[in-house]
>>> print(open('work_36.txt').read())   # compact mmCIF, C-alpha atoms
# COMPACT_ATOMS: atom_id res chain seq x y z
CA MET U 1 -10.36 0.99 -31.52
CA THR U 2 -13.69 -0.74 -31.78
CA ASP U 3 -14.64 0.62 -28.39
CA GLU U 4 -14.60 4.16 -29.73
CA SER U 5 -17.35 3.46 -32.22
CA GLN U 6 -19.60 1.65 -29.78
CA PRO U 7 -22.12 3.60 -27.78
CA TYR U 8 -21.50 3.61 -24.05
CA GLU U 9 -22.99 0.63 -22.24
CA GLY U 10 -24.26 1.53 -18.85
CA ASP U 11 -23.75 -1.73 -17.01
CA ASP U 12 -20.35 -1.04 -15.52
CA ILE U 13 -19.33 1.28 -12.77
CA ALA U 14 -15.84 2.56 -12.04
CA PRO U 15 -14.90 5.11 -9.40
CA GLY U 16 -16.19 8.51 -10.36
CA VAL U 17 -18.59 7.10 -12.92
CA THR U 18 -21.97 8.69 -12.78
CA GLU U 19 -23.38 6.94 -15.80
CA ALA U 20 -24.56 3.60 -14.46
CA ALA U 21 -27.77 2.15 -15.77
CA GLY U 22 -30.78 3.85 -14.24
CA TYR U 23 -28.69 6.80 -13.19
CA SER U 24 -30.52 10.06 -12.70
CA VAL U 25 -29.19 13.59 -12.36
CA ARG U 26 -31.16 14.07 -9.16
CA GLU U 27 -29.59 11.02 -7.50
CA GLY U 28 -26.14 12.16 -8.61
CA ILE U 29 -26.57 15.62 -7.11
CA GLN U 30 -28.05 14.11 -3.96
CA SER U 31 -25.07 11.78 -3.46
CA TYR U 32 -22.51 14.58 -3.92
CA ALA U 33 -24.54 16.90 -1.66
CA ILE U 34 -24.62 14.29 1.13
CA GLY U 35 -20.87 13.87 0.73
CA LEU U 36 -20.32 17.64 0.87
CA VAL U 37 -22.44 18.07 4.03
CA LEU U 38 -20.74 15.17 5.84
CA ALA U 39 -17.27 16.35 4.79
CA ALA U 40 -18.03 19.94 5.85
CA LEU U 41 -19.32 18.75 9.25
CA LEU U 42 -16.22 16.61 9.84
CA THR U 43 -13.90 19.47 8.76
CA ALA U 44 -15.71 21.89 11.08
CA ALA U 45 -15.42 19.33 13.90
CA SER U 46 -11.66 19.10 13.27
CA PHE U 47 -11.17 22.87 13.47
CA TYR U 48 -13.44 23.03 16.55
CA THR U 49 -11.49 20.25 18.28
CA VAL U 50 -8.34 22.38 18.25
CA ARG U 51 -10.07 25.40 19.81
CA THR U 52 -12.23 23.71 22.42
CA SER U 53 -11.26 22.83 25.97
CA LEU U 54 -13.91 20.10 26.05
CA ILE U 55 -11.35 17.45 25.10
CA TRP U 56 -8.42 16.40 27.24
CA GLY U 57 -5.27 17.90 25.69
CA PRO U 58 -3.29 14.74 24.84
CA GLY U 59 -6.44 13.24 23.32
CA ILE U 60 -6.79 16.00 20.72
CA PRO U 61 -4.37 14.51 18.12
CA ILE U 62 -6.16 11.15 18.36
CA MET U 63 -9.51 12.88 17.89
CA LEU U 64 -8.11 14.80 14.87
CA VAL U 65 -6.74 11.63 13.24
CA MET U 66 -10.08 9.90 13.79
CA LEU U 67 -12.01 12.77 12.19
CA ALA U 68 -9.55 12.86 9.25
CA VAL U 69 -9.91 9.12 8.61
CA ALA U 70 -13.70 9.45 8.77
CA GLN U 71 -13.62 12.31 6.26
CA MET U 72 -11.35 10.36 3.91
CA GLY U 73 -13.92 7.56 4.07
CA VAL U 74 -16.69 10.00 3.15
CA HIS U 75 -14.66 11.30 0.21
CA LEU U 76 -13.86 7.78 -1.00
CA VAL U 77 -17.49 6.70 -0.96
CA PHE U 78 -19.35 9.83 -2.06
CA PHE U 79 -16.77 11.54 -4.33
CA LEU U 80 -14.58 8.71 -5.62
CA HIS U 81 -17.38 6.10 -5.57
CA ILE U 82 -15.25 3.28 -4.16
CA THR U 83 -18.03 0.93 -3.18
CA SER U 84 -18.60 -2.78 -2.63
CA ASP U 85 -19.88 -2.99 -6.20
CA PRO U 86 -18.45 -6.04 -8.08
CA ASP U 87 -16.84 -3.72 -10.66
CA ASN U 88 -15.06 -1.99 -7.81
CA THR U 89 -13.43 -5.07 -6.28
CA ASN U 90 -10.07 -4.38 -7.93
CA ASN U 91 -10.18 -0.71 -6.96
CA ALA U 92 -10.97 -1.56 -3.33
CA LEU U 93 -8.18 -4.17 -3.18
CA ALA U 94 -5.67 -1.72 -4.67
CA LEU U 95 -6.79 0.86 -2.12
CA ALA U 96 -6.30 -1.65 0.71
CA PHE U 97 -2.75 -2.31 -0.47
CA GLY U 98 -2.08 1.43 -0.78
CA VAL U 99 -3.30 2.00 2.77
CA LEU U 100 -1.02 -0.79 3.99
CA ILE U 101 2.04 0.82 2.36
CA VAL U 102 1.12 4.29 3.65
CA LEU U 103 0.70 2.97 7.21
CA LEU U 104 4.04 1.11 6.99
CA VAL U 105 5.90 4.17 5.68
CA ILE U 106 4.46 6.72 8.13
CA GLY U 107 4.07 4.47 11.16
CA GLY U 108 7.43 2.80 10.61
CA SER U 109 9.25 6.13 10.22
CA LEU U 110 7.71 7.56 13.38
CA TRP U 111 8.46 4.39 15.34
CA ILE U 112 12.09 4.09 14.25
CA MET U 113 12.87 7.79 14.67
CA ALA U 114 11.25 7.90 18.13
CA ASN U 115 13.42 4.93 19.12
CA LEU U 116 16.58 6.60 17.79
CA ASN U 117 15.73 9.82 19.62
CA ASP U 118 15.41 7.87 22.86
CA ARG U 119 18.81 6.22 22.40
CA VAL U 120 20.78 9.30 21.39
CA MET U 121 22.03 11.41 24.28
CA PRO U 122 20.85 15.04 24.19
CA ALA U 123 23.60 17.48 23.13
CA GLY U 124 23.62 19.26 26.50
CA GLU U 125 24.18 16.05 28.38
CA ILE U 126 27.13 15.11 26.16
CA GLN U 127 28.83 18.42 27.00
CA GLN U 128 28.25 17.84 30.72
CA ARG U 129 29.84 14.40 30.58
CA MET U 130 32.82 15.80 28.67
CA MET U 131 33.34 18.45 31.36
CA GLN U 132 33.15 15.79 34.07
CA MET U 133 35.77 13.67 32.29
CA GLN U 134 38.13 16.61 31.91
CA ARG U 135 38.09 17.27 35.65
CA MET M 1 -30.44 -40.37 -35.84
CA SER M 2 -30.05 -36.92 -34.52
CA THR M 3 -29.06 -37.78 -30.90
CA VAL M 4 -25.43 -36.94 -31.60
CA ASP M 5 -26.37 -33.64 -33.16
CA ALA M 6 -28.19 -32.60 -30.01
CA PHE M 7 -24.89 -32.75 -28.08
CA THR M 8 -22.65 -31.49 -30.83
CA PRO M 9 -22.82 -27.76 -31.06
CA THR M 10 -22.47 -26.11 -34.39
CA PHE M 11 -19.27 -24.10 -34.73
CA ARG M 12 -19.29 -20.76 -36.38
CA PRO M 13 -16.34 -18.38 -36.38
CA GLY M 14 -16.59 -16.08 -33.38
CA SER M 15 -19.37 -18.04 -31.74
CA ASP M 16 -19.18 -19.39 -28.21
CA PRO M 17 -21.19 -22.62 -28.30
CA TYR M 18 -20.16 -23.92 -24.88
CA ARG M 19 -20.61 -20.45 -23.36
CA LEU M 20 -17.02 -20.48 -22.11
CA GLY M 21 -16.41 -17.62 -19.76
CA HIS M 22 -20.05 -17.37 -18.82
CA GLY M 23 -21.53 -18.48 -15.54
CA PRO M 24 -24.39 -21.00 -15.61
CA GLY M 25 -27.70 -19.36 -16.32
CA GLU M 26 -26.11 -15.94 -16.43
CA VAL M 27 -27.52 -13.37 -18.80
CA HIS M 28 -24.94 -12.46 -21.42
CA GLY M 29 -23.03 -9.27 -20.84
CA LEU M 30 -24.21 -8.49 -17.33
CA ALA M 31 -21.13 -9.70 -15.48
CA ARG M 32 -18.30 -8.32 -17.55
CA GLY M 33 -14.81 -8.09 -16.12
CA ARG M 34 -15.33 -10.69 -13.42
CA GLY M 35 -14.21 -13.77 -15.28
CA GLU M 36 -17.65 -14.70 -16.43
CA GLY M 37 -18.89 -12.11 -18.86
CA GLY M 38 -15.91 -11.32 -21.03
CA PRO M 39 -13.42 -8.51 -20.49
CA ALA M 40 -14.27 -5.38 -18.54
CA SER M 41 -15.17 -2.29 -20.51
CA LYS M 42 -12.38 0.09 -21.42
CA ARG M 43 -13.86 2.64 -19.05
CA VAL M 44 -13.49 0.30 -16.07
CA ILE M 45 -9.94 -0.63 -17.08
CA VAL M 46 -8.88 3.00 -17.59
CA GLY M 47 -10.40 3.96 -14.24
CA TYR M 48 -8.53 1.09 -12.55
CA GLY M 49 -5.22 1.98 -14.17
CA PHE M 50 -5.50 5.62 -13.18
CA TRP M 51 -6.52 4.60 -9.65
CA ILE M 52 -3.27 2.58 -9.43
CA PHE M 53 -1.32 5.70 -10.47
CA LEU M 54 -3.15 7.79 -7.88
CA LEU M 55 -2.38 5.25 -5.16
CA SER M 56 1.30 5.36 -6.11
CA ASP M 57 1.09 9.16 -5.86
CA ILE M 58 -0.43 8.75 -2.39
CA VAL M 59 2.44 6.43 -1.41
CA MET M 60 4.90 9.12 -2.58
CA PHE M 61 3.06 11.70 -0.47
CA SER M 62 3.23 9.33 2.51
CA ALA M 63 7.04 9.61 2.40
CA PHE M 64 6.77 13.42 2.59
CA PHE M 65 4.25 13.04 5.42
CA ALA M 66 6.57 10.67 7.28
CA ALA M 67 9.48 13.12 6.92
CA HIS M 68 7.37 15.99 8.19
CA ALA M 69 5.94 13.97 11.08
CA VAL M 70 9.48 13.09 12.20
CA LEU M 71 10.80 16.65 11.79
CA GLN M 72 7.77 18.55 13.11
CA THR M 73 9.56 19.49 16.33
CA ALA M 74 13.00 20.03 14.73
CA THR M 75 12.67 23.82 14.63
CA ALA M 76 16.37 24.56 15.38
CA GLY M 77 15.33 27.40 17.68
CA GLY M 78 13.34 28.99 14.86
CA PRO M 79 9.62 29.69 14.58
CA THR M 80 7.22 26.82 15.32
CA GLY M 81 3.93 25.99 13.64
CA ARG M 82 2.07 27.87 16.35
CA ASP M 83 3.98 31.06 15.48
CA LEU M 84 3.58 30.73 11.73
CA PHE M 85 0.22 29.22 10.80
CA ASP M 86 -2.84 31.39 10.36
CA PRO M 87 -5.90 29.23 11.20
CA THR M 88 -8.26 31.50 9.23
CA SER M 89 -6.20 31.12 6.07
CA VAL M 90 -6.01 27.33 6.52
CA ALA M 91 -9.78 27.15 7.05
CA LEU M 92 -10.37 29.23 3.90
CA GLU M 93 -8.02 27.02 1.86
CA THR M 94 -9.80 23.92 3.16
CA ALA M 95 -13.21 25.40 2.27
CA CYS M 96 -12.01 26.29 -1.25
CA LEU M 97 -10.70 22.81 -1.91
CA LEU M 98 -13.75 21.02 -0.46
CA ALA M 99 -16.11 23.24 -2.48
CA SER M 100 -14.04 22.63 -5.62
CA SER M 101 -14.26 18.88 -5.01
CA PHE M 102 -18.06 19.24 -4.86
CA THR M 103 -18.29 21.34 -8.03
CA CYS M 104 -16.00 18.83 -9.75
CA GLY M 105 -18.53 16.14 -8.82
CA MET M 106 -21.29 18.35 -10.17
CA SER M 107 -19.43 18.60 -13.48
CA ALA M 108 -19.36 14.79 -13.58
CA VAL M 109 -23.13 14.76 -13.05
CA ALA M 110 -23.53 17.30 -15.87
CA THR M 111 -21.31 15.13 -18.08
CA GLY M 112 -23.52 12.15 -17.23
CA ALA M 113 -26.49 14.17 -18.45
CA ARG M 114 -24.42 15.19 -21.55
CA SER M 115 -24.88 18.87 -20.82
CA GLN M 116 -22.05 20.81 -22.46
CA LEU M 117 -23.03 24.09 -20.76
CA TRP M 118 -23.23 22.83 -17.17
CA THR M 119 -20.11 20.68 -17.55
CA GLN M 120 -18.17 23.78 -18.62
CA VAL M 121 -19.74 25.95 -15.90
CA PHE M 122 -18.90 23.53 -13.09
CA LEU M 123 -15.41 22.85 -14.44
CA ALA M 124 -14.83 26.62 -14.57
CA VAL M 125 -16.05 27.04 -10.97
CA THR M 126 -13.80 24.14 -9.93
CA GLY M 127 -10.87 25.88 -11.60
CA LEU M 128 -11.62 29.23 -9.95
CA LEU M 129 -11.85 27.63 -6.49
CA GLY M 130 -8.60 25.77 -7.16
CA ALA M 131 -6.94 29.03 -8.23
CA ALA M 132 -8.25 30.75 -5.08
CA PHE M 133 -6.73 27.94 -3.01
CA LEU M 134 -3.38 28.37 -4.76
CA ALA M 135 -3.47 32.16 -4.33
CA LEU M 136 -4.10 31.81 -0.58
CA GLU M 137 -1.32 29.26 -0.26
CA ALA M 138 1.13 31.39 -2.28
CA HIS M 139 0.25 34.37 -0.08
CA ASP M 140 0.95 32.31 3.07
CA PHE M 141 4.24 31.06 1.67
CA ALA M 142 5.34 34.55 0.66
CA GLY M 143 4.50 35.85 4.15
CA MET M 144 6.51 33.07 5.80
CA VAL M 145 9.55 33.58 3.57
CA ALA M 146 9.39 37.35 4.14
CA ALA M 147 9.35 36.72 7.91
CA GLY M 148 12.58 34.74 7.62
CA ALA M 149 10.82 31.39 7.91
CA GLY M 150 11.79 30.00 4.52
CA PRO M 151 12.63 26.38 3.81
CA GLN M 152 16.29 26.91 4.76
CA ARG M 153 15.50 28.06 8.32
CA SER M 154 15.00 24.63 9.95
CA ALA M 155 14.37 20.97 9.18
CA PHE M 156 10.77 21.53 10.25
CA LEU M 157 10.31 24.25 7.63
CA SER M 158 12.18 22.30 4.93
CA SER M 159 9.81 19.36 5.33
CA PHE M 160 6.83 21.73 5.58
CA PHE M 161 7.60 23.48 2.28
CA ALA M 162 8.41 20.15 0.59
CA LEU M 163 5.11 18.56 1.65
CA VAL M 164 2.73 21.50 1.23
CA GLY M 165 4.58 22.70 -1.87
CA CYS M 166 4.30 19.24 -3.45
CA HIS M 167 0.54 19.31 -2.90
CA GLY M 168 0.42 22.85 -4.33
CA LEU M 169 2.30 21.68 -7.44
CA HIS M 170 -0.24 18.88 -7.85
CA VAL M 171 -3.07 21.41 -7.68
CA THR M 172 -1.26 23.55 -10.28
CA ALA M 173 -0.91 20.54 -12.58
CA GLY M 174 -4.59 19.77 -11.95
CA LEU M 175 -5.55 23.30 -13.02
CA LEU M 176 -3.59 22.94 -16.28
CA TRP M 177 -5.29 19.60 -16.91
CA LEU M 178 -8.67 21.15 -16.11
CA GLY M 179 -8.11 23.90 -18.67
CA THR M 180 -7.12 21.30 -21.25
CA MET M 181 -10.23 19.24 -20.52
CA MET M 182 -12.51 22.29 -20.86
CA ALA M 183 -11.00 23.00 -24.28
CA GLN M 184 -11.27 19.34 -25.32
CA VAL M 185 -14.90 19.03 -24.23
CA PHE M 186 -15.66 22.27 -26.06
CA VAL M 187 -13.97 21.24 -29.31
CA LYS M 188 -14.53 17.48 -29.40
CA GLY M 189 -17.72 17.01 -27.40
CA PHE M 190 -18.53 13.95 -25.30
CA ARG M 191 -16.61 11.27 -27.19
CA PRO M 192 -15.79 8.05 -25.27
CA ALA M 193 -12.11 9.03 -25.07
CA ILE M 194 -12.99 12.47 -23.68
CA LEU M 195 -15.38 10.90 -21.17
CA ARG M 196 -12.58 8.65 -19.91
CA ARG M 197 -10.24 11.63 -19.57
CA LEU M 198 -12.90 13.49 -17.62
CA LEU M 199 -13.26 10.45 -15.35
CA CYS M 200 -9.51 10.42 -14.70
CA PHE M 201 -9.45 14.17 -14.05
CA ASN M 202 -12.31 13.78 -11.54
CA LEU M 203 -10.44 11.02 -9.72
CA PHE M 204 -7.27 13.14 -9.64
CA TRP M 205 -9.02 16.21 -8.25
CA HIS M 206 -10.85 14.27 -5.52
CA VAL M 207 -7.62 12.56 -4.46
CA LEU M 208 -5.93 15.98 -4.12
CA ASP M 209 -8.69 16.88 -1.65
CA ILE M 210 -8.15 13.64 0.29
CA ILE M 211 -4.43 14.46 0.56
CA TRP M 212 -5.36 17.94 1.78
CA ILE M 213 -7.47 16.37 4.59
CA ALA M 214 -4.39 14.52 5.84
CA LEU M 215 -2.35 17.69 5.32
CA PHE M 216 -4.47 20.18 7.24
CA THR M 217 -5.00 17.66 10.02
CA MET M 218 -1.36 16.69 10.50
CA VAL M 219 0.56 19.79 9.46
CA TYR M 220 -1.73 22.57 10.61
CA LEU M 221 -4.09 21.31 13.34
CA ILE M 222 -1.79 18.83 15.12
CA GLY M 223 1.25 21.01 14.25
CA GLU M 224 -0.32 24.02 15.95
CA GLY M 225 -0.56 22.11 19.22
CA ARG M 226 3.11 21.16 19.27
>>> encode(input="work_36.txt", output="structure tokens")
Amino acid sequence: MTDESQPYEGDDIAPGVTEAAGYSVREGIQSYAIGLVLAALLTAASFYTVRTSLIWGPGIPIMLVMLAVAQMGVHLVFFLHITSDPDNTNNALALAFGVLIVLLVIGGSLWIMANLNDRVMPAGEIQQRMMQMQR
Amino acid sequence: MSTVDAFTPTFRPGSDPYRLGHGPGEVHGLARGRGEGGPASKRVIVGYGFWIFLLSDIVMFSAFFAAHAVLQTATAGGPTGRDLFDPTSVALETACLLASSFTCGMSAVATGARSQLWTQVFLAVTGLLGAAFLALEAHDFAGMVAAGAGPQRSAFLSSFFALVGCHGLHVTAGLLWLGTMMAQVFVKGFRPAILRRLLCFNLFWHVLDIIWIALFTMVYLIGEGR
């Protein structure tokens, strides 16, 4: 391939690329360090949320999901470098579609199965009805 | 008269007299891959293609997540998450994976600076942290199976082992890939092809960490409360 023989041109950025024009080692380390600190804080917050009594019980799962989504965002931006950069448009669009599918699969499954659980009579109740009919 | 010549560009093979595919007034080569500066570089295309694969992997994981979310309370009278999960071990595994994600990023920075030594050092640290994660997870699994809470005990445990085991297998595959990349960087140096493979490996490793975020949140933290 001709591309192999050409020296790398630094005017394009893909996720994970740390070789953009004007890139410096210091900036690279800084960006990853910010990502690490934010991710560590959010992880710690998640583990704290489970232990603490500060938050109303039923609200804990919502809090945990929120923290997880925030941390995924941090990872996407600081570790995977999915940004609003023009070279990243396709990556961001693909990610949006992926998120849509994931939400459909997980949300849809939970919704349908919760509905089915509501409609199906618990096993104990079925036995009770059978006994009543036999009498 | 030369008025016609002023509007008639000279054609040479391979030239682009009308600047087709270039925006007006745009400097050549600065807007590649966006319909105005010629095709994107191979690096951008490879990164995009691998990103598509990773997203399809995430979609596959979402099916495992959905199954586990539905079956989380289907314990069939057996042990629940609260009985089985050790929060300390989960926290340690999370720390290992997050730290390995960071050192993986550091290896990318070292690669950017074309430092063979630091690239190898950070890749090795990444691998060790990944191995520590796997060892902790294997230890947890062995403890659960020994306590009679194997995948055959209940639907909850089947979906648990499928989901967490699938992530563990991905980490194992990542470790094999990491070893391969260390050898390739050592033998072949920073060729363009090797740089692209390193890029893909970095993406893969970071995505494993993102999946682990969803995993420890849903399986362990929310699962403990059920």
>>> closest_residue(input="work_36.txt", among="M:Ala124, M:Leu98, M:Ala135, M:Ile222", to="M:Thr172", atoms="only C-alpha atoms")
M:Ala135
>>> residues_around(input="work_36.txt", residues="stretch 61-64 of chain U", least_positions_apart="5", cutoff="12 Å", atoms="only C-alpha atoms", output="count of residues only")
30
>>> atom_distance(input="work_36.txt", atom1="atom CA of M:Gln116", atom2="atom CA of M:Trp51")
25.8 Å
>>> atom_distance(input="work_36.txt", atom1="atom CA of M:Arg197", atom2="atom CA of M:Leu163")
27.1 Å
>>> atom_distance(input="work_36.txt", atom1="atom CA of M:Lys188", atom2="atom CA of M:Ile45")
22.4 Å
>>> closest_residue(input="work_36.txt", among="U:Met72, U:Met113, U:Val120, U:Met66", to="U:Gly35", atoms="only C-alpha atoms")
U:Met72
>>> interface_residues(input="work_36.txt", of="chain M", to="chain U", cutoff="6 Å", atoms="all atoms listed in the file", output="mmCIF file with C-alpha atoms, keeping the file's coordinate frame")
data_model
loop_
_atom_site.group_PDB
_atom_site.id
_atom_site.type_symbol
_atom_site.label_atom_id
_atom_site.label_comp_id
_atom_site.auth_asym_id
_atom_site.auth_seq_id
_atom_site.Cartn_x
_atom_site.Cartn_y
_atom_site.Cartn_z
ATOM 1 C CA VAL M 44 -13.490 0.300 -16.070
ATOM 2 C CA LEU M 55 -2.380 5.250 -5.160
ATOM 3 C CA VAL M 59 2.440 6.430 -1.410
ATOM 4 C CA SER M 62 3.230 9.330 2.510
ATOM 5 C CA ALA M 66 6.570 10.670 7.280
ATOM 6 C CA VAL M 70 9.480 13.090 12.200
ATOM 7 C CA VAL M 109 -23.130 14.760 -13.050
ATOM 8 C CA GLY M 112 -23.520 12.150 -17.230
ATOM 9 C CA ILE M 210 -8.150 13.640 0.290
ATOM 10 C CA ILE M 222 -1.790 18.830 15.120
#
>>> axis_aligned_box(input="work_36.txt", around="stretch 41-55 of chain U", padding_each_side="4 Å", output="JSON")
{"center_x": -13.8, "center_y": 21.0, "center_z": 17.4, "size_x": 19.0, "size_y": 16.8, "size_z": 25.3}
>>> residues_near_point(input="work_36.txt", point="(-4.0, 19.6, -14.3)", cutoff="12 Å", atoms="only C-alpha atoms", output="list of chain:residue names")
M:Leu123, M:Thr126, M:Gly127, M:Gly130, M:Ala131, M:Gly168, M:Leu169, M:His170, M:Val171, M:Thr172, M:Ala173, M:Gly174, M:Leu175, M:Leu176, M:Trp177, M:Leu178, M:Gly179, M:Thr180, M:Met181, M:Met182, M:Arg197, M:Leu198, M:Cys200, M:Phe201, M:Asn202, M:Leu203, M:Phe204, M:Trp205, M:Leu208
>>> closest_residue(input="work_36.txt", among="M:Ala74, M:Val207, M:Val46, M:Ala40", to="M:Arg153", atoms="all atoms listed in the file")
M:Ala74
